[in-house]
Amino acid sequence: MNFLNMSQDEIDQSGAHWTTHEIAQQPQVWLKAQQSMTRDSGTRRAFLDPLLRRNEIQIVLTGAGTSACIGECLAPALTRQLGMRVQAIATTDLVAAPDTSLAAAAPVLLVSFARSGNSPESVAALELAEQFCAECHHLIITCNREGALYRRGMSSCNTHVVLLPDETNDRGFAMTSSFSTMMLAAALAFELIATAATATLARWASQVLADFPAVTDLARAGFERVVYLGSRELKGLAREAALKMLELTDGRIVAVSDTPLGFRHGPKTIIDAKTLVVMFLCNNAYTRAYELDLLNELRRDGIAARVIALTAGNADPEGSAEEVRIPDAAAAADLDLCFPYAVFAQSLALQQSLALGFKSDAPNARGVVNRVVQGVSIYPWDPHA
């Protein structure tokens, strides 16, 4: 699928070969990953079910950067589903301060997300959890069979490893299909999304990709700041969307995220005439009422250059305001909406990157940041220090 309306030669010459391909492949890759998860369901259930029957277990969803955002998207849905303690804690926080991140006396299920599995914090977080907690179990979801985390998981007891199709090991700098497919795999593993629903998610994503003119129009508008707002599961997605914009524009576009209610408490001052506001509207009626209040307020203020709502239903009864609608999704769970909304945010970041002249597969020519993080020293944890 060519959702940029550019020839393959033009895409390759612009330095966006992998990023473009990896965003566009998501509907097909999700279906392939779902089939793999179905084949492995027996072994996975034998590992997870006894743990989830234990009311005292602490579930920690962890990863670094974009992988940390996966946990933030999943934690609200998993908390409601299981009715037990679920936390999204980045590996970067867990490694730096395990004593504030983990309950030493409680059994822990550490769910680790990693594209490459070679970030220094990935294995360090796993090892620290085992050192710090009296009882530790691991569910590892990764995209790289050559990664250190995958090898460590395959040689460990109390561990189940989900290896996703090789296509999800994104070659581009920014995580795109790896993000969404790891999130899907975890949602399927914990039965937050029905297996049959994967085809619907793929259809919604394909519809977003097909609407490239709207995204291209936004990317060419000359914004200098982008604000992403989301509640519930979409709070984590808003943070990931802002990160994607920062990464693919090499920080040229200032991108931030918040919740709609939190945004009024100071962060709203970032809005000026060069600001795009994107609100990810949820389907939960109670929370959505607060979101619509802020959405209407921002439009009345008239300060932002544009205010866009991503929605499964009509956010403007008169149909005059700017919306990106996901058809036939009015009854979808908020976690389900993360998937098509993520594809929109990735597409916007990519097209903004191209509009600014960046090579999206490697936007940071200075080498300040890398596809796999470098320069991190891991220090031994001394509980008596």
# chains A, B, ... in the order shown; residues from 1 in each chain; ligands from 1
$ residues_around --residues "stretch 140-152 of chain A" --least-positions-apart "3" --cutoff "9 Å" --atoms "only C-alpha atoms" --output "PyMOL selection string"
chain A and resi 110-119+122-123+126+155-156+159-170+178+182+185-186
$ closest_atom_pairs --of "stretch 94-158 of chain A" --to "stretch 43-58 of chain A" --cutoff "12 Å" --atoms "only C-alpha atoms" --output "tab-separated table"
residue	atom	partner	partner_atom	distance
A:Ser101	CA	A:Gln58	CA	11.0
A:Leu102	CA	A:Gln58	CA	8.5
A:Ala103	CA	A:Gln58	CA	7.9
A:Ala104	CA	A:Gln58	CA	10.1
A:Ala105	CA	A:Gln58	CA	10.0
A:Ala106	CA	A:Ile57	CA	6.2
A:Pro107	CA	A:Ile57	CA	5.0
A:Val108	CA	A:Gln58	CA	4.7
A:Leu109	CA	A:Gln58	CA	6.2
A:Leu110	CA	A:Gln58	CA	8.3
A:Val111	CA	A:Gln58	CA	10.7
A:Ala129	CA	A:Gln58	CA	11.7
A:Cys133	CA	A:Gln58	CA	10.5
A:Ala134	CA	A:Ile57	CA	11.6
A:Glu135	CA	A:Ile57	CA	9.5
A:Cys136	CA	A:Gln58	CA	9.5
A:His137	CA	A:Leu51	CA	8.7
A:His138	CA	A:Phe47	CA	9.7
A:Leu139	CA	A:Leu48	CA	8.6
A:Ile140	CA	A:Arg44	CA	11.2
A:Ile141	CA	A:Arg44	CA	11.8
A:Cys157	CA	A:Phe47	CA	11.1
A:Asn158	CA	A:Phe47	CA	8.3
$ write_last_selection --atoms "N, CA and C atoms" --output "PDB file, in the first residue's frame"
ATOM      1  N   SER A 101       9.701   0.999  42.699  1.00  0.00           N
ATOM      2  CA  SER A 101       8.908   0.481  41.583  1.00  0.00           C
ATOM      3  C   SER A 101       8.273  -0.870  41.863  1.00  0.00           C
ATOM      4  N   LEU A 102       8.875  -1.667  42.725  1.00  0.00           N
ATOM      5  CA  LEU A 102       8.428  -3.036  42.941  1.00  0.00           C
ATOM      6  C   LEU A 102       8.141  -3.290  44.408  1.00  0.00           C
ATOM      7  N   ALA A 103       7.171  -4.160  44.677  1.00  0.00           N
ATOM      8  CA  ALA A 103       6.883  -4.601  46.036  1.00  0.00           C
ATOM      9  C   ALA A 103       7.652  -5.893  46.282  1.00  0.00           C
ATOM     10  N   ALA A 104       8.651  -5.840  47.117  1.00  0.00           N
ATOM     11  CA  ALA A 104       9.562  -6.974  47.285  1.00  0.00           C
ATOM     12  C   ALA A 104       8.852  -8.226  47.789  1.00  0.00           C
ATOM     13  N   ALA A 105       7.836  -8.057  48.626  1.00  0.00           N
ATOM     14  CA  ALA A 105       7.208  -9.219  49.255  1.00  0.00           C
ATOM     15  C   ALA A 105       6.142  -9.872  48.382  1.00  0.00           C
ATOM     16  N   ALA A 106       5.660  -9.172  47.357  1.00  0.00           N
ATOM     17  CA  ALA A 106       4.569  -9.693  46.536  1.00  0.00           C
ATOM     18  C   ALA A 106       5.106 -10.433  45.324  1.00  0.00           C
ATOM     19  N   PRO A 107       4.453 -11.519  44.912  1.00  0.00           N
ATOM     20  CA  PRO A 107       4.854 -12.158  43.656  1.00  0.00           C
ATOM     21  C   PRO A 107       4.587 -11.204  42.491  1.00  0.00           C
ATOM     22  N   VAL A 108       5.475 -11.232  41.504  1.00  0.00           N
ATOM     23  CA  VAL A 108       5.416 -10.273  40.405  1.00  0.00           C
ATOM     24  C   VAL A 108       5.353 -11.010  39.072  1.00  0.00           C
ATOM     25  N   LEU A 109       4.477 -10.536  38.195  1.00  0.00           N
ATOM     26  CA  LEU A 109       4.508 -10.915  36.780  1.00  0.00           C
ATOM     27  C   LEU A 109       5.015  -9.696  36.029  1.00  0.00           C
ATOM     28  N   LEU A 110       6.229  -9.782  35.532  1.00  0.00           N
ATOM     29  CA  LEU A 110       6.845  -8.684  34.793  1.00  0.00           C
ATOM     30  C   LEU A 110       6.606  -8.928  33.309  1.00  0.00           C
ATOM     31  N   VAL A 111       5.852  -8.035  32.668  1.00  0.00           N
ATOM     32  CA  VAL A 111       5.563  -8.135  31.246  1.00  0.00           C
ATOM     33  C   VAL A 111       6.475  -7.152  30.524  1.00  0.00           C
ATOM     34  N   ALA A 129      14.402  -7.251  38.809  1.00  0.00           N
ATOM     35  CA  ALA A 129      13.146  -7.751  39.363  1.00  0.00           C
ATOM     36  C   ALA A 129      13.368  -9.084  40.066  1.00  0.00           C
ATOM     37  N   CYS A 133      12.626  -9.042  44.023  1.00  0.00           N
ATOM     38  CA  CYS A 133      11.355  -9.653  44.421  1.00  0.00           C
ATOM     39  C   CYS A 133      11.552 -11.099  44.873  1.00  0.00           C
ATOM     40  N   ALA A 134      10.787 -11.482  45.852  1.00  0.00           N
ATOM     41  CA  ALA A 134      10.912 -12.846  46.368  1.00  0.00           C
ATOM     42  C   ALA A 134      10.473 -13.877  45.340  1.00  0.00           C
ATOM     43  N   GLU A 135       9.513 -13.516  44.491  1.00  0.00           N
ATOM     44  CA  GLU A 135       9.007 -14.438  43.464  1.00  0.00           C
ATOM     45  C   GLU A 135       8.714 -13.630  42.201  1.00  0.00           C
ATOM     46  N   CYS A 136       9.297 -14.041  41.086  1.00  0.00           N
ATOM     47  CA  CYS A 136       9.161 -13.258  39.863  1.00  0.00           C
ATOM     48  C   CYS A 136       8.899 -14.171  38.667  1.00  0.00           C
ATOM     49  N   HIS A 137       7.922 -13.803  37.864  1.00  0.00           N
ATOM     50  CA  HIS A 137       7.595 -14.506  36.623  1.00  0.00           C
ATOM     51  C   HIS A 137       7.662 -13.499  35.479  1.00  0.00           C
ATOM     52  N   HIS A 138       7.944 -13.994  34.270  1.00  0.00           N
ATOM     53  CA  HIS A 138       8.181 -13.084  33.147  1.00  0.00           C
ATOM     54  C   HIS A 138       7.377 -13.483  31.917  1.00  0.00           C
ATOM     55  N   LEU A 139       6.678 -12.507  31.354  1.00  0.00           N
ATOM     56  CA  LEU A 139       6.107 -12.620  30.021  1.00  0.00           C
ATOM     57  C   LEU A 139       6.860 -11.626  29.155  1.00  0.00           C
ATOM     58  N   ILE A 140       7.600 -12.127  28.181  1.00  0.00           N
ATOM     59  CA  ILE A 140       8.406 -11.279  27.308  1.00  0.00           C
ATOM     60  C   ILE A 140       7.755 -11.236  25.932  1.00  0.00           C
ATOM     61  N   ILE A 141       7.526 -10.029  25.435  1.00  0.00           N
ATOM     62  CA  ILE A 141       6.976  -9.839  24.090  1.00  0.00           C
ATOM     63  C   ILE A 141       7.990  -9.010  23.314  1.00  0.00           C
ATOM     64  N   CYS A 157      13.742 -19.981  33.567  1.00  0.00           N
ATOM     65  CA  CYS A 157      12.537 -20.626  34.059  1.00  0.00           C
ATOM     66  C   CYS A 157      11.526 -19.544  34.437  1.00  0.00           C
ATOM     67  N   ASN A 158      10.316 -19.940  34.743  1.00  0.00           N
ATOM     68  CA  ASN A 158       9.254 -18.992  35.106  1.00  0.00           C
ATOM     69  C   ASN A 158       9.051 -17.922  34.044  1.00  0.00           C
TER      70      ASN A 158
END
$ atom_distance --atom1 "atom CA of A:Ile271" --atom2 "atom CA of A:Arg306"
10.3 Å
$ residues_around --residues "stretch 230-245 of chain A" --least-positions-apart "2" --cutoff "7 Å" --atoms "only C-alpha atoms" --output "PyMOL selection string"
chain A and resi 66+69+72-74+76-77+174+228+247-249+253+255-260+279-281+334-335+338+342+345-346+349
$ write_last_selection --atoms "C-alpha atoms" --output "short mmCIF file (atom, residue, chain, number, x, y, z; two decimals), in the first residue's frame"
data_model
loop_
_atom_site.label_atom_id
_atom_site.label_comp_id
_atom_site.auth_asym_id
_atom_site.auth_seq_id
_atom_site.Cartn_x
_atom_site.Cartn_y
_atom_site.Cartn_z
CA THR A 66 7.78 3.72 22.91
CA CYS A 69 3.85 3.56 26.19
CA GLU A 72 0.48 2.76 29.61
CA CYS A 73 -2.13 1.98 26.95
CA LEU A 74 -2.81 -1.51 28.31
CA PRO A 76 -6.27 0.73 32.38
CA ALA A 77 -7.96 -2.04 30.37
CA ALA A 174 11.08 5.13 15.04
CA TYR A 228 -1.87 15.34 21.77
CA GLU A 247 11.59 11.54 16.83
CA LEU A 248 10.68 11.84 13.17
CA THR A 249 11.15 15.63 13.05
CA ILE A 253 8.36 20.21 15.99
CA ALA A 255 5.28 17.91 20.70
CA VAL A 256 3.68 17.37 24.11
CA SER A 257 0.89 15.24 25.56
CA ASP A 258 -1.56 15.47 28.44
CA THR A 259 -5.02 14.44 29.52
CA PRO A 260 -7.91 16.74 28.61
CA MET A 279 -7.57 15.08 20.74
CA PHE A 280 -8.05 11.30 20.88
CA LEU A 281 -11.69 11.01 21.93
CA ASP A 334 -11.11 2.46 24.16
CA LEU A 335 -8.17 0.06 23.82
CA CYS A 338 -5.62 2.94 20.15
CA ALA A 342 -1.86 5.22 16.42
CA ALA A 345 -0.34 9.72 14.57
CA GLN A 346 2.45 7.75 12.88
CA ALA A 349 4.67 12.35 12.05
#
$ select_by_dssp --residues "stretch 248-315 of chain A" --states "strand (DSSP E or B)" --output "list of chain:residue names"
A:Val254, A:Ala255, A:Val256, A:Ser257, A:Asp258, A:Thr275, A:Leu276, A:Val277, A:Val278, A:Met279, A:Phe280, A:Arg306, A:Val307, A:Ile308, A:Ala309, A:Leu310, A:Thr311
$ atom_distance --atom1 "atom CA of A:His17" --atom2 "atom CA of A:Asp361"
7.0 Å
$ residues_around --residues "stretch 198-215 of chain A" --least-positions-apart "3" --cutoff "6 Å" --atoms "only C-alpha atoms" --output "list in words"
Phe3, Pro27, Thr195, Leu218, Pro340 and Leu348 of chain A
$ closest_residue --among "A:Leu94, A:Ala88, A:Ile11, A:Ala355" --to "A:Ala221" --atoms "only C-alpha atoms"
A:Ala355
$ atom_distance --atom1 "atom CA of A:Ser360" --atom2 "atom CA of A:Ala16"
4.9 Å
$ residues_around --residues "A:Ala219" --least-positions-apart "2" --cutoff "6 Å" --atoms "only C-alpha atoms" --output "JSON, numbers by chain"
{"A": [216, 217, 221, 351, 352]}
$ write_last_selection --atoms "N, CA and C atoms" --output "PDB file, in the first residue's frame"
ATOM      1  N   THR A 216      -1.744  14.714   4.806  1.00  0.00           N
ATOM      2  CA  THR A 216      -0.803  15.533   4.048  1.00  0.00           C
ATOM      3  C   THR A 216      -1.114  17.011   4.211  1.00  0.00           C
ATOM      4  N   ASP A 217      -2.381  17.343   4.205  1.00  0.00           N
ATOM      5  CA  ASP A 217      -2.802  18.733   4.392  1.00  0.00           C
ATOM      6  C   ASP A 217      -2.334  19.266   5.732  1.00  0.00           C
ATOM      7  N   ALA A 221       0.879  22.395   6.760  1.00  0.00           N
ATOM      8  CA  ALA A 221       0.305  23.632   7.290  1.00  0.00           C
ATOM      9  C   ALA A 221       1.303  24.504   8.048  1.00  0.00           C
ATOM     10  N   GLN A 351       4.720  12.237   7.596  1.00  0.00           N
ATOM     11  CA  GLN A 351       4.537  13.248   6.564  1.00  0.00           C
ATOM     12  C   GLN A 351       5.074  14.606   7.000  1.00  0.00           C
ATOM     13  N   GLN A 352       5.020  14.899   8.296  1.00  0.00           N
ATOM     14  CA  GLN A 352       5.635  16.125   8.787  1.00  0.00           C
ATOM     15  C   GLN A 352       7.154  16.059   8.635  1.00  0.00           C
TER      16      GLN A 352
END
$ select_by_dssp --residues "stretch 41-136 of chain A" --states "alpha helix (DSSP H)" --output "ChimeraX atom specification"
/A:41-52,66-82,91-96,98-101,120-132
$ residues_around --residues "A:Gly71" --least-positions-apart "5" --cutoff "8 Å" --atoms "only C-alpha atoms" --output "list in words"
Leu61, Thr62, Gly63, Gln87, Ala88, Ile89, Met183 and Gly236 of chain A
$ closest_residue --among "A:Tyr379, A:Cys282, A:His265, A:Met37" --to "A:Ala331" --atoms "only C-alpha atoms"
A:Cys282
$ residues_around --residues "A:Leu294" --least-positions-apart "5" --cutoff "12 Å" --atoms "only C-alpha atoms" --output "MDAnalysis selection string"
chainID A and resid 229:230 259:264 268 277:281 287:289 299:301 307 309 315
$ closest_residue --among "A:Glu127, A:Ile308, A:Ile193, A:Asn364" --to "A:Gly153" --atoms "only C-alpha atoms"
A:Glu127
